[in-house]
$ cat structure.cif   # mmCIF, C-alpha atoms
data_input
loop_
_atom_site.group_PDB
_atom_site.id
_atom_site.type_symbol
_atom_site.label_atom_id
_atom_site.label_comp_id
_atom_site.auth_asym_id
_atom_site.auth_seq_id
_atom_site.Cartn_x
_atom_site.Cartn_y
_atom_site.Cartn_z
ATOM 1 C CA MET A 760 15.044 5.352 -22.618
ATOM 2 C CA ASN A 761 16.767 2.298 -21.144
ATOM 3 C CA TYR A 762 14.069 1.430 -18.600
ATOM 4 C CA LYS A 763 10.807 -0.253 -19.537
ATOM 5 C CA PHE A 764 9.244 -0.334 -16.059
ATOM 6 C CA ILE A 765 9.780 2.715 -13.821
ATOM 7 C CA THR A 766 8.354 3.196 -10.342
ATOM 8 C CA VAL A 767 8.141 6.602 -8.671
ATOM 9 C CA GLU A 768 8.162 6.468 -4.876
ATOM 10 C CA GLY A 769 8.192 8.815 -1.900
ATOM 11 C CA ASN A 770 6.267 9.876 1.175
ATOM 12 C CA ILE A 771 2.664 11.094 1.227
ATOM 13 C CA GLY A 772 2.666 14.369 -0.697
ATOM 14 C CA ALA A 773 6.097 13.905 -2.285
ATOM 15 C CA GLY A 774 4.749 14.330 -5.828
ATOM 16 C CA LYS A 775 4.690 10.715 -7.010
ATOM 17 C CA THR A 776 1.526 10.910 -9.100
ATOM 18 C CA THR A 777 2.490 14.233 -10.680
ATOM 19 C CA LEU A 778 5.878 12.963 -11.844
ATOM 20 C CA SER A 779 4.458 9.597 -12.935
ATOM 21 C CA SER A 780 1.873 11.351 -15.088
ATOM 22 C CA LEU A 781 4.517 13.576 -16.687
ATOM 23 C CA LEU A 782 6.673 10.553 -17.498
ATOM 24 C CA GLN A 783 3.712 8.678 -18.954
ATOM 25 C CA GLN A 784 2.902 11.612 -21.237
ATOM 26 C CA SER A 785 6.528 11.975 -22.301
ATOM 27 C CA PHE A 786 7.016 8.322 -23.204
ATOM 28 C CA ASP A 787 3.442 7.500 -24.200
ATOM 29 C CA GLY A 788 3.502 4.613 -21.735
ATOM 30 C CA LYS A 789 0.998 2.815 -19.565
ATOM 31 C CA LEU A 790 0.271 4.544 -16.263
ATOM 32 C CA ILE A 791 -0.444 2.568 -13.084
ATOM 33 C CA LEU A 792 -1.666 4.711 -10.197
ATOM 34 C CA GLU A 793 -2.427 3.929 -6.583
ATOM 35 C CA GLN A 794 -6.202 3.726 -6.162
ATOM 36 C CA PHE A 795 -7.252 6.067 -3.360
ATOM 37 C CA ALA A 796 -10.607 7.473 -4.362
ATOM 38 C CA ASP A 797 -12.557 4.217 -4.143
ATOM 39 C CA ASN A 798 -11.010 2.913 -0.924
ATOM 40 C CA PRO A 799 -13.717 3.110 1.762
ATOM 41 C CA PHE A 800 -11.249 2.498 4.602
ATOM 42 C CA LEU A 801 -8.906 5.418 3.963
ATOM 43 C CA PRO A 802 -11.049 8.249 5.417
ATOM 44 C CA LYS A 803 -11.914 5.986 8.354
ATOM 45 C CA PHE A 804 -8.236 5.234 8.924
ATOM 46 C CA TYR A 805 -7.372 8.883 9.390
ATOM 47 C CA GLU A 806 -10.209 9.217 11.885
ATOM 48 C CA ASP A 807 -9.338 6.051 13.843
ATOM 49 C CA ARG A 808 -5.920 4.705 12.857
ATOM 50 C CA LYS A 809 -5.880 1.836 15.343
ATOM 51 C CA ARG A 810 -9.272 0.430 14.364
ATOM 52 C CA TYR A 811 -8.959 0.617 10.589
ATOM 53 C CA SER A 812 -5.256 -0.047 9.941
ATOM 54 C CA PHE A 813 -5.633 -3.750 9.217
ATOM 55 C CA PRO A 814 -8.547 -3.579 6.727
ATOM 56 C CA LEU A 815 -6.907 -0.582 5.061
ATOM 57 C CA GLU A 816 -3.573 -2.324 4.575
ATOM 58 C CA LEU A 817 -5.245 -5.508 3.320
ATOM 59 C CA SER A 818 -7.347 -3.549 0.834
ATOM 60 C CA PHE A 819 -4.293 -1.768 -0.556
ATOM 61 C CA LEU A 820 -2.368 -5.036 -0.728
ATOM 62 C CA ALA A 821 -5.159 -6.670 -2.728
ATOM 63 C CA GLU A 822 -5.539 -3.722 -5.103
ATOM 64 C CA ARG A 823 -1.796 -3.392 -5.752
ATOM 65 C CA TYR A 824 -1.495 -7.114 -6.322
ATOM 66 C CA LYS A 825 -4.381 -7.105 -8.787
ATOM 67 C CA GLN A 826 -2.940 -4.198 -10.764
ATOM 68 C CA LEU A 827 0.552 -5.667 -11.045
ATOM 69 C CA LYS A 828 -0.692 -9.210 -11.632
ATOM 70 C CA ASP A 829 -2.803 -7.957 -14.525
ATOM 71 C CA LEU A 830 0.317 -6.250 -15.870
ATOM 72 C CA LEU A 831 2.277 -9.479 -15.691
ATOM 73 C CA ASN A 832 -0.443 -11.308 -17.589
ATOM 74 C CA THR A 833 -0.228 -8.948 -20.563
ATOM 75 C CA ARG A 834 2.496 -8.264 -23.069
ATOM 76 C CA ASP A 835 2.524 -4.554 -22.174
ATOM 77 C CA LEU A 836 5.558 -5.038 -19.961
ATOM 78 C CA PHE A 837 7.570 -6.095 -23.019
ATOM 79 C CA ASN A 838 6.080 -3.807 -25.651
ATOM 80 C CA GLN A 839 5.740 -0.410 -24.016
ATOM 81 C CA TYR A 840 6.899 1.731 -21.145
ATOM 82 C CA ILE A 841 5.210 1.201 -17.783
ATOM 83 C CA ILE A 842 5.138 4.024 -15.214
ATOM 84 C CA SER A 843 3.841 3.336 -11.691
ATOM 85 C CA ASP A 844 3.474 5.677 -8.736
ATOM 86 C CA TYR A 845 4.064 2.958 -6.148
ATOM 87 C CA LEU A 846 6.449 0.123 -5.370
ATOM 88 C CA PHE A 847 4.676 -3.034 -4.241
ATOM 89 C CA ILE A 848 7.053 -3.618 -1.341
ATOM 90 C CA LYS A 849 5.835 -0.337 0.178
ATOM 91 C CA SER A 850 2.883 -2.431 1.365
ATOM 92 C CA LYS A 851 5.117 -3.917 4.063
ATOM 93 C CA LEU A 852 6.492 -0.487 4.930
ATOM 94 C CA PHE A 853 3.068 0.962 5.712
ATOM 95 C CA ALA A 854 1.918 -2.228 7.427
ATOM 96 C CA LYS A 855 4.995 -2.178 9.675
ATOM 97 C CA VAL A 856 4.283 1.417 10.679
ATOM 98 C CA ASN A 857 0.531 1.018 11.140
ATOM 99 C CA LEU A 858 -0.100 -2.477 12.476
ATOM 100 C CA PRO A 859 0.496 -4.059 15.895
ATOM 101 C CA GLU A 860 2.971 -6.921 15.919
ATOM 102 C CA ASP A 861 0.489 -9.822 15.756
ATOM 103 C CA GLU A 862 -1.434 -8.321 12.838
ATOM 104 C CA TYR A 863 1.804 -7.434 11.069
ATOM 105 C CA LYS A 864 3.024 -11.040 11.256
ATOM 106 C CA LEU A 865 -0.188 -12.247 9.597
ATOM 107 C CA TYR A 866 0.076 -9.517 6.984
ATOM 108 C CA GLU A 867 3.720 -10.393 6.315
ATOM 109 C CA THR A 868 2.773 -14.039 5.737
ATOM 110 C CA LEU A 869 0.256 -13.016 3.080
ATOM 111 C CA PHE A 870 2.721 -10.599 1.511
ATOM 112 C CA ASP A 871 5.468 -13.217 1.279
ATOM 113 C CA ILE A 872 3.115 -15.618 -0.513
ATOM 114 C CA ILE A 873 2.215 -13.229 -3.330
ATOM 115 C CA TYR A 874 5.313 -11.036 -3.699
ATOM 116 C CA PRO A 875 7.464 -13.518 -5.700
ATOM 117 C CA ASN A 876 4.794 -13.638 -8.417
ATOM 118 C CA LEU A 877 5.020 -9.943 -9.305
ATOM 119 C CA PRO A 878 7.244 -8.014 -11.728
ATOM 120 C CA GLU A 879 9.926 -5.733 -10.312
ATOM 121 C CA PRO A 880 10.713 -2.311 -11.787
ATOM 122 C CA ASP A 881 13.845 -1.673 -13.833
ATOM 123 C CA LEU A 882 14.330 1.639 -12.030
ATOM 124 C CA ILE A 883 12.960 3.433 -8.969
ATOM 125 C CA ILE A 884 12.820 7.216 -8.787
ATOM 126 C CA TYR A 885 12.647 8.112 -5.101
ATOM 127 C CA LEU A 886 11.434 11.637 -4.281
ATOM 128 C CA HIS A 887 12.766 12.828 -0.942
ATOM 129 C CA ALA A 888 10.849 15.887 0.269
ATOM 130 C CA PRO A 889 11.239 17.775 3.572
ATOM 131 C CA LEU A 890 8.342 17.830 6.001
ATOM 132 C CA ASP A 891 7.297 21.393 5.146
ATOM 133 C CA LYS A 892 6.997 20.574 1.459
ATOM 134 C CA LEU A 893 5.018 17.408 2.169
ATOM 135 C CA LYS A 894 2.556 19.395 4.270
ATOM 136 C CA GLN A 895 2.287 22.115 1.615
ATOM 137 C CA ASN A 896 1.542 19.559 -1.113
ATOM 138 C CA ILE A 897 -0.983 17.709 1.068
ATOM 139 C CA LYS A 898 -2.769 20.979 1.771
ATOM 140 C CA SER A 899 -2.800 22.101 -1.868
ATOM 141 C CA ARG A 900 -4.225 18.855 -3.260
ATOM 142 C CA ASN A 901 -7.045 19.219 -0.746
ATOM 143 C CA ARG A 902 -8.114 15.684 0.037
ATOM 144 C CA ASP A 903 -10.333 16.173 3.073
ATOM 145 C CA TYR A 904 -9.236 13.049 4.912
ATOM 146 C CA GLU A 905 -5.543 14.010 4.636
ATOM 147 C CA GLN A 906 -5.747 17.475 6.117
ATOM 148 C CA ASN A 907 -5.250 16.311 9.707
ATOM 149 C CA ILE A 908 -2.279 14.014 9.103
ATOM 150 C CA GLN A 909 0.092 14.464 12.017
ATOM 151 C CA ASP A 910 3.717 15.522 11.536
ATOM 152 C CA ASP A 911 4.874 12.545 13.599
ATOM 153 C CA TYR A 912 3.209 10.142 11.161
ATOM 154 C CA LEU A 913 4.878 11.751 8.142
ATOM 155 C CA ILE A 914 8.252 11.658 9.890
ATOM 156 C CA GLU A 915 7.752 7.998 10.823
ATOM 157 C CA LEU A 916 6.944 7.148 7.216
ATOM 158 C CA GLN A 917 9.906 9.195 5.980
ATOM 159 C CA ASN A 918 12.283 7.250 8.189
ATOM 160 C CA ALA A 919 10.731 3.952 7.110
ATOM 161 C CA TYR A 920 11.140 4.891 3.445
ATOM 162 C CA LEU A 921 14.805 5.789 3.924
ATOM 163 C CA GLN A 922 15.402 2.477 5.662
ATOM 164 C CA LEU A 923 13.635 0.637 2.842
ATOM 165 C CA ILE A 924 15.667 2.381 0.157
ATOM 166 C CA LYS A 925 18.878 1.661 2.057
ATOM 167 C CA SER A 926 18.101 -2.024 2.576
ATOM 168 C CA GLU A 927 16.767 -2.936 -0.875
ATOM 169 C CA LYS A 928 19.000 -3.479 -3.901
ATOM 170 C CA PHE A 929 16.796 -1.865 -6.520
ATOM 171 C CA LYS A 930 18.413 0.455 -9.050
ATOM 172 C CA THR A 931 17.341 3.786 -7.563
ATOM 173 C CA LEU A 932 17.625 7.465 -8.470
ATOM 174 C CA ILE A 933 17.253 9.545 -5.294
ATOM 175 C CA ILE A 934 16.088 13.127 -5.829
ATOM 176 C CA ASP A 935 16.010 15.792 -3.129
ATOM 177 C CA THR A 936 12.895 17.741 -4.115
ATOM 178 C CA THR A 937 13.427 20.650 -1.706
ATOM 179 C CA GLN A 938 14.075 23.012 -4.612
ATOM 180 C CA THR A 939 12.736 20.792 -7.397
ATOM 181 C CA ASP A 940 9.445 21.364 -9.217
ATOM 182 C CA PHE A 941 8.845 19.037 -12.150
ATOM 183 C CA LEU A 942 5.391 20.454 -12.863
ATOM 184 C CA HIS A 943 6.152 24.178 -12.963
ATOM 185 C CA ASN A 944 9.838 24.135 -13.935
ATOM 186 C CA PRO A 945 10.188 22.328 -17.275
ATOM 187 C CA SER A 946 13.998 22.450 -17.087
ATOM 188 C CA HIS A 947 13.926 20.138 -14.054
ATOM 189 C CA PHE A 948 11.867 17.583 -15.938
ATOM 190 C CA ASP A 949 14.096 17.905 -19.005
ATOM 191 C CA GLN A 950 17.142 17.222 -16.839
ATOM 192 C CA LEU A 951 15.473 14.107 -15.451
ATOM 193 C CA LEU A 952 14.828 12.850 -18.989
ATOM 194 C CA VAL A 953 18.552 13.165 -19.712
ATOM 195 C CA HIS A 954 19.287 11.013 -16.662
ATOM 196 C CA LEU A 955 16.825 8.389 -17.890
ATOM 197 C CA GLU A 956 18.881 8.005 -21.054
ATOM 198 C CA LYS A 957 21.821 6.765 -18.969
ATOM 199 C CA GLU A 958 22.439 3.167 -17.999
ATOM 200 C CA TYR A 959 22.918 3.134 -14.230
ATOM 201 C CA GLU A 960 24.505 0.364 -12.228
ATOM 202 C CA ASP A 961 22.526 -1.355 -9.500
ATOM 203 C CA GLY A 962 22.387 0.608 -6.260
ATOM 204 C CA HIS A 963 21.593 4.188 -5.255
ATOM 205 C CA HIS A 964 22.369 7.255 -7.341
ATOM 206 C CA PHE A 965 21.818 10.818 -6.103
ATOM 207 C CA ILE A 966 20.919 13.424 -8.689
ATOM 208 C CA ASN A 967 20.429 17.189 -8.336
ATOM 209 C CA PHE A 968 18.732 19.748 -10.555
ATOM 210 C CA THR A 969 19.851 23.304 -11.259
#

$ encode --input "structure.cif" --output "C-alpha cells"
Amino acid sequence: MNYKFITVEGNIGAGKTTLSSLLQQSFDGKLILEQFADNPFLPKFYEDRKRYSFPLELSFLAERYKQLKDLLNTRDLFNQYIISDYLFIKSKLFAKVNLPEDEYKLYETLFDIIYPNLPEPDLIIYLHAPLDKLKQNIKSRNRDYEQNIQDDYLIELQNAYLQLIKSEKFKTLIIDTTQTDFLHNPSHFDQLLVHLEKEYEDGHHFINFT
C-alpha cells in the first residue's frame, strides 16, 4: 500500500470505526480510535447541548491532540501503517456547529496554536452515508446517549463535513456508502484494497463498489 497514515472520516454512524478496524487488521497497522467511552461530557451533551458543548469540544480537542502528538513522538509513523478513525481538523467542524460565536473564537485560537504541530494523513477515506443509514447504524450500535440524536443535527453535521472536504486539499477518496457494506460484503472491502494500491493525485476522488 502506498499510504502510511490513513484517516477514515464521516458523519456520526457512517461506519468509521468499523472500516478503520478492518484496515488495521488487513495491514497489521497501528489503530487510533476516537475515545468516546471515557468522556464524561458526551452523555450530558446530548441531554443539554447548549450547556455542555464547550467542555465537550475542549475535552475531545485535548484527547485528539494527545493521541496524535504521541504518534508524532514515536517512530511508528515511519515504520508501520497508521489507521485513524478521525481527522484532527474535524475538531473545528464540530466546534463550529456546536458553539456560540464567542466560545468558537476562543476555541479556534487554541486549535490554531496546536494544529501545526501534528502529523497530517497521507490519505483520507470519507464515508458519505444518507440520513436513513446513519440513523440505522446509530440505532444498531446501541449507545444510549445517541439514541435521541435529532435528524437536524445529523444533517447539519453532514453539510459541514461536505464543506470541509470541499475546502481542504487533502488527498481524499469519497465513498457513497448507500449500498456499501464493508463488514458483511467482503467484495466491497477487497475492492477498496485495490484502490489503496493506486497512487492518487492530490484532491478528491470518487469511487464506487459493485

$ closest_residue --input "structure.cif" --among "A:Tyr874, A:Phe941, A:Tyr920, A:Tyr904" --to "Lys849 (chain A)" --atoms "all atoms listed in the file"
A:Tyr920

$ residues_near_point --input "structure.cif" --point "(14.4, 17.8, -1.7)" --cutoff "8 Å" --atoms "only C-alpha atoms" --output "ChimeraX atom specification"
/A:886-889,934-939

$ closest_residue --input "structure.cif" --among "A:Ser850, A:Thr931, A:Ser843, A:Gln826" --to "Leu781 (chain A)" --atoms "all atoms listed in the file"
A:Ser843

$ resolve_selection --input "structure.cif" --expression "the PyMOL selection byres ((chain A and resi 820) around 12)" --output "ChimeraX atom specification"
/A:793-794,798,813-819,821-828,845-854,866-867,869-874

$ write_last_selection --input "structure.cif" --atoms "C-alpha atoms" --output "tab-separated table (two decimals), in the coordinates of the input"
chain	number	residue	atom	x	y	z
A	793	GLU	CA	-2.43	3.93	-6.58
A	794	GLN	CA	-6.20	3.73	-6.16
A	798	ASN	CA	-11.01	2.91	-0.92
A	813	PHE	CA	-5.63	-3.75	9.22
A	814	PRO	CA	-8.55	-3.58	6.73
A	815	LEU	CA	-6.91	-0.58	5.06
A	816	GLU	CA	-3.57	-2.32	4.58
A	817	LEU	CA	-5.24	-5.51	3.32
A	818	SER	CA	-7.35	-3.55	0.83
A	819	PHE	CA	-4.29	-1.77	-0.56
A	821	ALA	CA	-5.16	-6.67	-2.73
A	822	GLU	CA	-5.54	-3.72	-5.10
A	823	ARG	CA	-1.80	-3.39	-5.75
A	824	TYR	CA	-1.50	-7.11	-6.32
A	825	LYS	CA	-4.38	-7.10	-8.79
A	826	GLN	CA	-2.94	-4.20	-10.76
A	827	LEU	CA	0.55	-5.67	-11.04
A	828	LYS	CA	-0.69	-9.21	-11.63
A	845	TYR	CA	4.06	2.96	-6.15
A	846	LEU	CA	6.45	0.12	-5.37
A	847	PHE	CA	4.68	-3.03	-4.24
A	848	ILE	CA	7.05	-3.62	-1.34
A	849	LYS	CA	5.84	-0.34	0.18
A	850	SER	CA	2.88	-2.43	1.36
A	851	LYS	CA	5.12	-3.92	4.06
A	852	LEU	CA	6.49	-0.49	4.93
A	853	PHE	CA	3.07	0.96	5.71
A	854	ALA	CA	1.92	-2.23	7.43
A	866	TYR	CA	0.08	-9.52	6.98
A	867	GLU	CA	3.72	-10.39	6.32
A	869	LEU	CA	0.26	-13.02	3.08
A	870	PHE	CA	2.72	-10.60	1.51
A	871	ASP	CA	5.47	-13.22	1.28
A	872	ILE	CA	3.12	-15.62	-0.51
A	873	ILE	CA	2.22	-13.23	-3.33
A	874	TYR	CA	5.31	-11.04	-3.70

$ resolve_selection --input "structure.cif" --expression "the PyMOL selection byres ((chain A and resi 950-962) around 10)" --output "count of residues only"
31

$ closest_residue --input "structure.cif" --among "A:Asn944, A:Gln909, A:Thr766, A:Asn901" --to "Leu790 (chain A)" --atoms "all atoms listed in the file"
A:Thr766

$ closest_residue --input "structure.cif" --among "A:Asp891, A:Glu915, A:Asp940, A:Glu862" --to "Leu778 (chain A)" --atoms "only C-alpha atoms"
A:Asp940

$ resolve_selection --input "structure.cif" --expression "the PyMOL selection byres ((chain A and resi 840) around 6)" --output "PyMOL selection string"
chain A and resi 763-764+788+839+841

$ write_last_selection --input "structure.cif" --atoms "C-alpha atoms" --output "tab-separated table (two decimals), in the coordinates of the input"
chain	number	residue	atom	x	y	z
A	763	LYS	CA	10.81	-0.25	-19.54
A	764	PHE	CA	9.24	-0.33	-16.06
A	788	GLY	CA	3.50	4.61	-21.74
A	839	GLN	CA	5.74	-0.41	-24.02
A	841	ILE	CA	5.21	1.20	-17.78

$ closest_residue --input "structure.cif" --among "A:Thr833, A:Thr777, A:Gln784, A:Asn857" --to "Lys809 (chain A)" --atoms "all atoms listed in the file"
A:Asn857

$ atom_distance --input "structure.cif" --atom1 "CA of Asn770 (chain A)" --atom2 "CA of Leu893 (chain A)"
7.7 Å

$ closest_residue --input "structure.cif" --among "A:Lys894, A:Arg810, A:Lys789, A:Arg900" --to "Tyr912 (chain A)" --atoms "all atoms listed in the file"
A:Lys894

$ atom_distance --input "structure.cif" --atom1 "CA of Tyr805 (chain A)" --atom2 "CA of Leu923 (chain A)"
23.5 Å

$ atom_distance --input "structure.cif" --atom1 "CA of Ser780 (chain A)" --atom2 "CA of Leu792 (chain A)"
9.0 Å

$ residues_near_point --input "structure.cif" --point "(2.5, 17.1, -1.9)" --cutoff "6 Å" --atoms "all atoms listed in the file" --output "ChimeraX atom specification"
/A:772-774,893,896-897
